[in-house]
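Shown here: work28.cif, mmCIF, C-alpha atoms (C1' of nucleotides).
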data_run
loop_
_atom_site.group_PDB
_atom_site.id
_atom_site.type_symbol
_atom_site.label_atom_id
_atom_site.label_comp_id
_atom_site.auth_asym_id
_atom_site.auth_seq_id
_atom_site.Cartn_x
_atom_site.Cartn_y
_atom_site.Cartn_z
ATOM 1 C CA MET A 1 -56.355 215.672 213.769
ATOM 2 C CA THR A 2 -56.902 213.792 210.559
ATOM 3 C CA PRO A 3 -58.631 215.876 207.921
ATOM 4 C CA ALA A 4 -62.241 215.030 207.145
ATOM 5 C CA ARG A 5 -62.885 212.568 204.401
ATOM 6 C CA ARG A 6 -63.839 214.169 201.134
ATOM 7 C CA TYR A 7 -66.196 213.087 198.426
ATOM 8 C CA TRP A 8 -65.754 213.036 194.663
ATOM 9 C CA LEU A 9 -67.266 211.923 191.402
ATOM 10 C CA VAL A 10 -65.405 210.541 188.397
ATOM 11 C CA LYS A 11 -66.782 209.917 184.939
ATOM 12 C CA SER A 12 -65.963 207.064 182.648
ATOM 13 C CA GLU A 13 -67.382 206.244 179.261
ATOM 14 C CA ALA A 14 -69.226 203.035 179.921
ATOM 15 C CA ASP A 15 -68.053 201.261 176.771
ATOM 16 C CA CYS A 16 -64.472 202.301 177.444
ATOM 17 C CA PHE A 17 -64.066 201.420 181.115
ATOM 18 C CA SER A 18 -67.177 200.468 183.040
ATOM 19 C CA TRP A 19 -68.020 199.789 186.650
ATOM 20 C CA ASP A 20 -67.989 196.074 185.847
ATOM 21 C CA ASP A 21 -64.505 196.387 184.414
ATOM 22 C CA LEU A 22 -63.344 197.865 187.693
ATOM 23 C CA TRP A 23 -65.286 195.372 189.793
ATOM 24 C CA ASN A 24 -63.661 192.508 187.881
ATOM 25 C CA ALA A 25 -60.153 193.977 187.911
ATOM 26 C CA PRO A 26 -57.490 192.439 190.138
ATOM 27 C CA ARG A 27 -58.124 193.632 193.701
ATOM 28 C CA ARG A 28 -60.974 195.658 192.175
ATOM 29 C CA THR A 29 -58.398 198.377 191.752
ATOM 30 C CA THR A 30 -57.222 200.459 188.809
ATOM 31 C CA PHE A 31 -55.105 203.509 188.181
ATOM 32 C CA TRP A 32 -57.296 206.345 186.984
ATOM 33 C CA ASP A 33 -55.267 207.408 183.969
ATOM 34 C CA GLY A 34 -56.045 209.608 181.019
ATOM 35 C CA VAL A 35 -57.273 212.749 182.749
ATOM 36 C CA ARG A 36 -56.041 215.595 180.526
ATOM 37 C CA ASN A 37 -57.689 218.616 182.020
ATOM 38 C CA TYR A 38 -55.848 220.927 184.389
ATOM 39 C CA GLN A 39 -58.669 221.494 186.823
ATOM 40 C CA ALA A 40 -59.259 217.780 187.134
ATOM 41 C CA ARG A 41 -55.510 217.152 187.324
ATOM 42 C CA ASN A 42 -55.169 219.534 190.254
ATOM 43 C CA MET A 43 -57.798 217.683 192.224
ATOM 44 C CA LEU A 44 -56.241 214.298 191.532
ATOM 45 C CA ARG A 45 -52.757 215.542 192.370
ATOM 46 C CA ASP A 46 -53.465 217.732 195.372
ATOM 47 C CA GLN A 47 -56.781 216.895 196.946
ATOM 48 C CA PHE A 48 -57.587 213.218 196.567
ATOM 49 C CA LYS A 49 -56.636 211.526 199.826
ATOM 50 C CA LYS A 50 -56.557 207.903 200.867
ATOM 51 C CA GLY A 51 -59.957 206.909 202.204
ATOM 52 C CA ASP A 52 -61.869 209.533 200.240
ATOM 53 C CA LEU A 53 -64.989 208.132 198.604
ATOM 54 C CA VAL A 54 -65.784 208.468 194.930
ATOM 55 C CA PHE A 55 -68.961 208.043 192.915
ATOM 56 C CA PHE A 56 -68.439 206.179 189.653
ATOM 57 C CA TYR A 57 -70.443 207.752 186.843
ATOM 58 C CA HIS A 58 -71.108 206.295 183.403
ATOM 59 C CA SER A 59 -71.050 208.942 180.702
ATOM 60 C CA ASN A 60 -71.983 208.249 177.083
ATOM 61 C CA ALA A 61 -74.101 205.416 178.385
ATOM 62 C CA ASP A 62 -77.718 204.398 178.329
ATOM 63 C CA PRO A 63 -78.659 205.584 180.770
ATOM 64 C CA THR A 64 -76.001 207.978 182.023
ATOM 65 C CA ALA A 65 -75.906 207.272 185.720
ATOM 66 C CA ILE A 66 -73.982 206.905 188.931
ATOM 67 C CA VAL A 67 -73.513 203.198 189.463
ATOM 68 C CA GLY A 68 -71.263 202.623 192.439
ATOM 69 C CA VAL A 69 -68.832 203.752 195.088
ATOM 70 C CA CYS A 70 -65.031 203.577 194.997
ATOM 71 C CA GLU A 71 -62.360 204.458 197.462
ATOM 72 C CA VAL A 72 -59.077 206.268 196.917
ATOM 73 C CA VAL A 73 -56.346 203.751 197.732
ATOM 74 C CA ARG A 74 -53.344 205.631 196.362
ATOM 75 C CA GLU A 75 -52.856 209.382 196.234
ATOM 76 C CA GLY A 76 -51.723 211.439 193.253
ATOM 77 C CA TYR A 77 -48.713 210.225 191.271
ATOM 78 C CA PRO A 78 -47.527 210.826 187.700
ATOM 79 C CA ASP A 79 -49.696 209.408 184.930
ATOM 80 C CA HIS A 80 -47.118 207.335 183.080
ATOM 81 C CA THR A 81 -49.470 206.704 180.155
ATOM 82 C CA ALA A 82 -48.709 210.284 179.098
ATOM 83 C CA PHE A 83 -45.111 209.259 178.373
ATOM 84 C CA ASP A 84 -45.894 206.322 176.094
ATOM 85 C CA PRO A 85 -46.440 207.187 172.414
ATOM 86 C CA ARG A 86 -48.375 203.952 171.949
ATOM 87 C CA LYS A 87 -50.951 204.951 174.515
ATOM 88 C CA GLN A 88 -54.133 206.701 173.516
ATOM 89 C CA HIS A 89 -53.574 209.512 176.012
ATOM 90 C CA PHE A 90 -49.931 210.096 175.106
ATOM 91 C CA ASP A 91 -48.866 213.690 175.622
ATOM 92 C CA PRO A 92 -45.426 214.574 174.233
ATOM 93 C CA LYS A 93 -45.377 217.714 176.345
ATOM 94 C CA SER A 94 -45.453 215.782 179.613
ATOM 95 C CA ASP A 95 -41.859 215.317 180.784
ATOM 96 C CA PRO A 96 -41.137 212.329 183.064
ATOM 97 C CA ASP A 97 -38.913 214.624 185.107
ATOM 98 C CA LYS A 98 -41.674 217.160 185.443
ATOM 99 C CA PRO A 99 -44.932 215.377 184.726
ATOM 100 C CA THR A 100 -47.920 217.342 183.542
ATOM 101 C CA TRP A 101 -50.536 214.727 184.335
ATOM 102 C CA TYR A 102 -51.367 212.810 187.484
ATOM 103 C CA MET A 103 -53.555 209.925 188.494
ATOM 104 C CA VAL A 104 -54.745 208.106 191.594
ATOM 105 C CA ASP A 105 -55.637 204.496 192.314
ATOM 106 C CA LEU A 106 -59.294 203.698 192.861
ATOM 107 C CA LYS A 107 -60.787 200.564 194.321
ATOM 108 C CA ALA A 108 -64.404 199.546 193.746
ATOM 109 C CA LYS A 109 -66.071 199.336 197.097
ATOM 110 C CA GLU A 110 -69.791 198.936 196.719
ATOM 111 C CA PRO A 111 -72.062 198.737 193.678
ATOM 112 C CA PHE A 112 -75.303 200.664 193.835
ATOM 113 C CA ARG A 113 -78.379 198.482 194.041
ATOM 114 C CA ARG A 114 -79.627 200.395 191.024
ATOM 115 C CA PRO A 115 -78.217 203.073 188.714
ATOM 116 C CA VAL A 116 -79.101 206.588 189.779
ATOM 117 C CA THR A 117 -79.592 208.318 186.458
ATOM 118 C CA LEU A 118 -78.704 211.838 185.492
ATOM 119 C CA ALA A 119 -82.366 212.418 184.689
ATOM 120 C CA GLU A 120 -83.352 211.381 188.199
ATOM 121 C CA LEU A 121 -80.628 213.463 189.836
ATOM 122 C CA ARG A 122 -82.015 216.543 188.119
ATOM 123 C CA THR A 123 -85.286 216.064 189.991
ATOM 124 C CA VAL A 124 -83.866 215.552 193.475
ATOM 125 C CA PRO A 125 -84.169 218.439 195.942
ATOM 126 C CA GLY A 126 -80.836 219.410 197.470
ATOM 127 C CA LEU A 127 -78.739 218.652 194.382
ATOM 128 C CA GLU A 128 -79.424 221.890 192.515
ATOM 129 C CA ARG A 129 -75.876 223.101 192.942
ATOM 130 C CA MET A 130 -74.151 219.820 192.204
ATOM 131 C CA VAL A 131 -71.292 220.264 189.726
ATOM 132 C CA LEU A 132 -72.522 217.402 187.554
ATOM 133 C CA LEU A 133 -75.848 219.137 187.017
ATOM 134 C CA GLN A 134 -74.545 222.558 186.057
ATOM 135 C CA LYS A 135 -75.147 223.638 182.487
ATOM 136 C CA GLY A 136 -72.188 222.831 180.291
ATOM 137 C CA SER A 137 -70.308 221.075 183.059
ATOM 138 C CA ARG A 138 -67.933 218.528 181.572
ATOM 139 C CA LEU A 139 -65.329 218.062 184.263
ATOM 140 C CA SER A 140 -64.486 214.376 184.495
ATOM 141 C CA VAL A 141 -63.360 214.724 188.101
ATOM 142 C CA GLN A 142 -65.574 216.690 190.463
ATOM 143 C CA PRO A 143 -66.012 217.435 194.115
ATOM 144 C CA VAL A 144 -69.224 216.287 195.780
ATOM 145 C CA THR A 145 -70.411 217.859 199.016
ATOM 146 C CA GLU A 146 -71.141 215.667 201.996
ATOM 147 C CA LYS A 147 -74.816 216.574 201.790
ATOM 148 C CA GLU A 148 -74.987 215.633 198.121
ATOM 149 C CA TRP A 149 -73.161 212.426 198.878
ATOM 150 C CA GLN A 150 -75.627 211.364 201.549
ATOM 151 C CA ILE A 151 -78.648 212.088 199.373
ATOM 152 C CA ILE A 152 -77.305 210.197 196.372
ATOM 153 C CA TYR A 153 -75.913 207.288 198.344
ATOM 154 C CA ARG A 154 -79.310 206.737 199.927
ATOM 155 C CA LEU A 155 -80.935 206.693 196.480
ATOM 156 C CA GLY A 156 -78.394 204.226 195.163
ATOM 157 C CA MET A 157 -78.973 201.869 198.035
ATOM 158 C CA THR A 158 -82.752 202.022 197.698
ATOM 159 C CA ALA A 159 -83.764 199.154 195.483
ATOM 160 C CA GLU A 160 -86.751 200.752 193.802
ATOM 161 C CA ALA A 161 -86.305 203.724 191.559
ATOM 162 C CA PRO A 162 -89.115 206.210 191.976
ATOM 163 C CA ARG A 163 -91.408 205.669 189.013
ATOM 164 C CA ALA A 164 -91.067 208.473 186.528
ATOM 165 C CA ARG A 165 -94.346 209.705 185.108
ATOM 166 C CA GLY A 166 -93.220 209.192 181.527
ATOM 167 C CA ALA A 167 -91.938 205.700 182.147
ATOM 168 C CA ALA A 168 -95.195 204.609 183.734
ATOM 169 C CA SER A 169 -97.370 205.731 180.861
ATOM 170 C CA LYS A 170 -95.010 204.248 178.316
ATOM 171 C CA ALA A 171 -95.107 200.871 180.043
ATOM 172 C CA ARG A 172 -98.886 200.901 180.028
ATOM 173 C CA SER A 173 -99.254 201.822 176.383
ATOM 174 C CA ARG A 174 -97.440 198.770 175.051
ATOM 175 C "C1'" DG B 1 -75.456 211.657 164.381
ATOM 176 C "C1'" DC B 2 -76.189 216.321 166.049
ATOM 177 C "C1'" DC B 3 -74.807 220.094 168.421
ATOM 178 C "C1'" DA B 4 -73.963 223.152 172.606
ATOM 179 C "C1'" DA B 5 -70.482 224.187 175.665
ATOM 180 C "C1'" DC B 6 -65.965 224.085 176.918
ATOM 181 C "C1'" DG B 7 -60.661 224.155 176.870
ATOM 182 C "C1'" DT B 8 -56.593 224.838 174.182
ATOM 183 C "C1'" DT B 9 -53.820 226.667 170.527
ATOM 184 C "C1'" DG B 10 -51.668 230.016 167.937
ATOM 185 C "C1'" DG B 11 -51.621 234.247 164.982
ATOM 186 C "C1'" DC B 12 -51.453 238.890 165.576
ATOM 187 C "C1'" DG C 1 -53.493 239.909 175.806
ATOM 188 C "C1'" DC C 2 -57.201 239.158 172.498
ATOM 189 C "C1'" DC C 3 -59.873 236.139 170.052
ATOM 190 C "C1'" DA C 4 -60.942 233.007 166.120
ATOM 191 C "C1'" DA C 5 -60.383 228.375 164.962
ATOM 192 C "C1'" DC C 6 -60.232 223.952 166.297
ATOM 193 C "C1'" DG C 7 -60.785 219.578 168.891
ATOM 194 C "C1'" DT C 8 -63.248 217.276 172.572
ATOM 195 C "C1'" DT C 9 -66.895 216.116 175.810
ATOM 196 C "C1'" DG C 10 -71.101 214.335 176.553
ATOM 197 C "C1'" DG C 11 -76.272 214.664 176.603
ATOM 198 C "C1'" DC C 12 -79.864 213.711 173.721
#
Could you render the structure from this file as structure tokens?
Amino acid sequence: MTPARRYWLVKSEADCFSWDDLWNAPRRTTFWDGVRNYQARNMLRDQFKKGDLVFFYHSNADPTAIVGVCEVVREGYPDHTAFDPRKQHFDPKSDPDKPTWYMVDLKAKEPFRRPVTLAELRTVPGLERMVLLQKGSRLSVQPVTEKEWQIIYRLGMTAEAPRARGAASKARSR
DNA sequence: GCCAACGTTGGC
DNA sequence: GCCAACGTTGGC
């Protein structure tokens, strides 16, 4: 029996590598390099499987939000950018014969119809335990449960964002 | 720009 | 093995 598909979330700084960058990349595919955290590395190396689905999250953005869905198209392999001194994420301690860091290939699959913001996620019942929402959570690669996935996917594919109370009053007061 | 929280490093 | 110092992440 083939194992069940799993769900993930990856973060990217929007002004560094955005959803649009991925969408416009050749074959809408990129290698997800630069992860330099062991917990995240382990997931990329050992648990990401072809066909798994991945939320694409913009951090350091306005607003911070989940903006689309990607698919894993290549499973964990050594992150060669760690071997290149000219690369930003160069790590002299990673040995090509025994690589420290791993990456996967991700392909953009479907943009959300609207960004689902961090602020909104915090208000949604059923997401209380989501890794992204835990205090101090900074993992750039995270597991997402199937339940969480379904809730968030539905929000992303619903055109209208629920009107936040603050936003409504601000719009009126202009 | 600020700062809380986190992970890593290195002295002991 | 402890823990202080440091660098980084990332929301605000």
With all atoms listed in the file as the counted atoms, please give the residues lying no more than 12 Å from DG7 (chain C), apart from itself and same-chain residues fewer than 6 positions off, as an mmCIF file with C-alpha atoms (C1' of nucleotides), in the frame of the given file.
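For reference, result_37.cif as written:
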data_model
loop_
_atom_site.group_PDB
_atom_site.id
_atom_site.type_symbol
_atom_site.label_atom_id
_atom_site.label_comp_id
_atom_site.auth_asym_id
_atom_site.auth_seq_id
_atom_site.Cartn_x
_atom_site.Cartn_y
_atom_site.Cartn_z
ATOM 1 C "C1'" DC B 6 -65.965 224.085 176.918
ATOM 2 C "C1'" DG B 7 -60.661 224.155 176.870
ATOM 3 C "C1'" DT B 8 -56.593 224.838 174.182
ATOM 4 C "C1'" DT B 9 -53.820 226.667 170.527
#
Can I get the residues of chain A within 9 Å of chain C, each with the closest pair of atoms and their distance in Å to one decimal, using only C-alpha atoms (C1' of nucleotides), sorted chain first then ascending number, as JSON lines?
{"residue": "A:Ser59", "atom": "CA", "partner": "C:DG10", "partner_atom": "C1'", "distance": 6.8}
{"residue": "A:Asn60", "atom": "CA", "partner": "C:DG10", "partner_atom": "C1'", "distance": 6.2}
{"residue": "A:Thr64", "atom": "CA", "partner": "C:DG11", "partner_atom": "C1'", "distance": 8.6}
{"residue": "A:Arg138", "atom": "CA", "partner": "C:DT9", "partner_atom": "C1'", "distance": 6.3}
{"residue": "A:Leu139", "atom": "CA", "partner": "C:DT9", "partner_atom": "C1'", "distance": 8.8}
With C-alpha atoms retained, write the just-selected residues as a compact mmCIF listing (two decimals), keeping the file's coordinate frame.
# COMPACT_ATOMS: atom_id res chain seq x y z
CA SER A 59 -71.05 208.94 180.70
CA ASN A 60 -71.98 208.25 177.08
CA THR A 64 -76.00 207.98 182.02
CA ARG A 138 -67.93 218.53 181.57
CA LEU A 139 -65.33 218.06 184.26
Identify which of the residues A:Lys109, A:Arg129, A:Arg122, A:Lys11 lies closest to Asn24 (chain A), counting only C-alpha atoms when measuring atom-to-atom distances. A:Lys109
re CA of Arg5 (chain A) and CA of Ile151 (chain A): distance 16.6 Å
If the box runs along x, y and z of the file and leaves 5 Å on each side of region 2-7 of chain B, what are its centre and edge lengths in Å, one decimal, as AutoDock Vina command-line options?
--center_x -68.4 --center_y 220.3 --center_z 171.5 --size_x 25.5 --size_y 17.9 --size_z 20.9
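The two atoms in question, CA of Ile66 (chain A) and CA of Ala40 (chain A), are spaced 18.4 Å apart.
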Can you give me, as a ChimeraX atom specification, the residues this file yields under the PyMOL selection byres ((chain A and resi 67-82) around 7)? /A:33,44-46,48-57,65-66,83-84,87,89-91,94,99,101-112,114-116
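Computed from the coordinates, the CA of Val35 (chain A) to CA of Gln142 (chain A) distance equals 12.0 Å.
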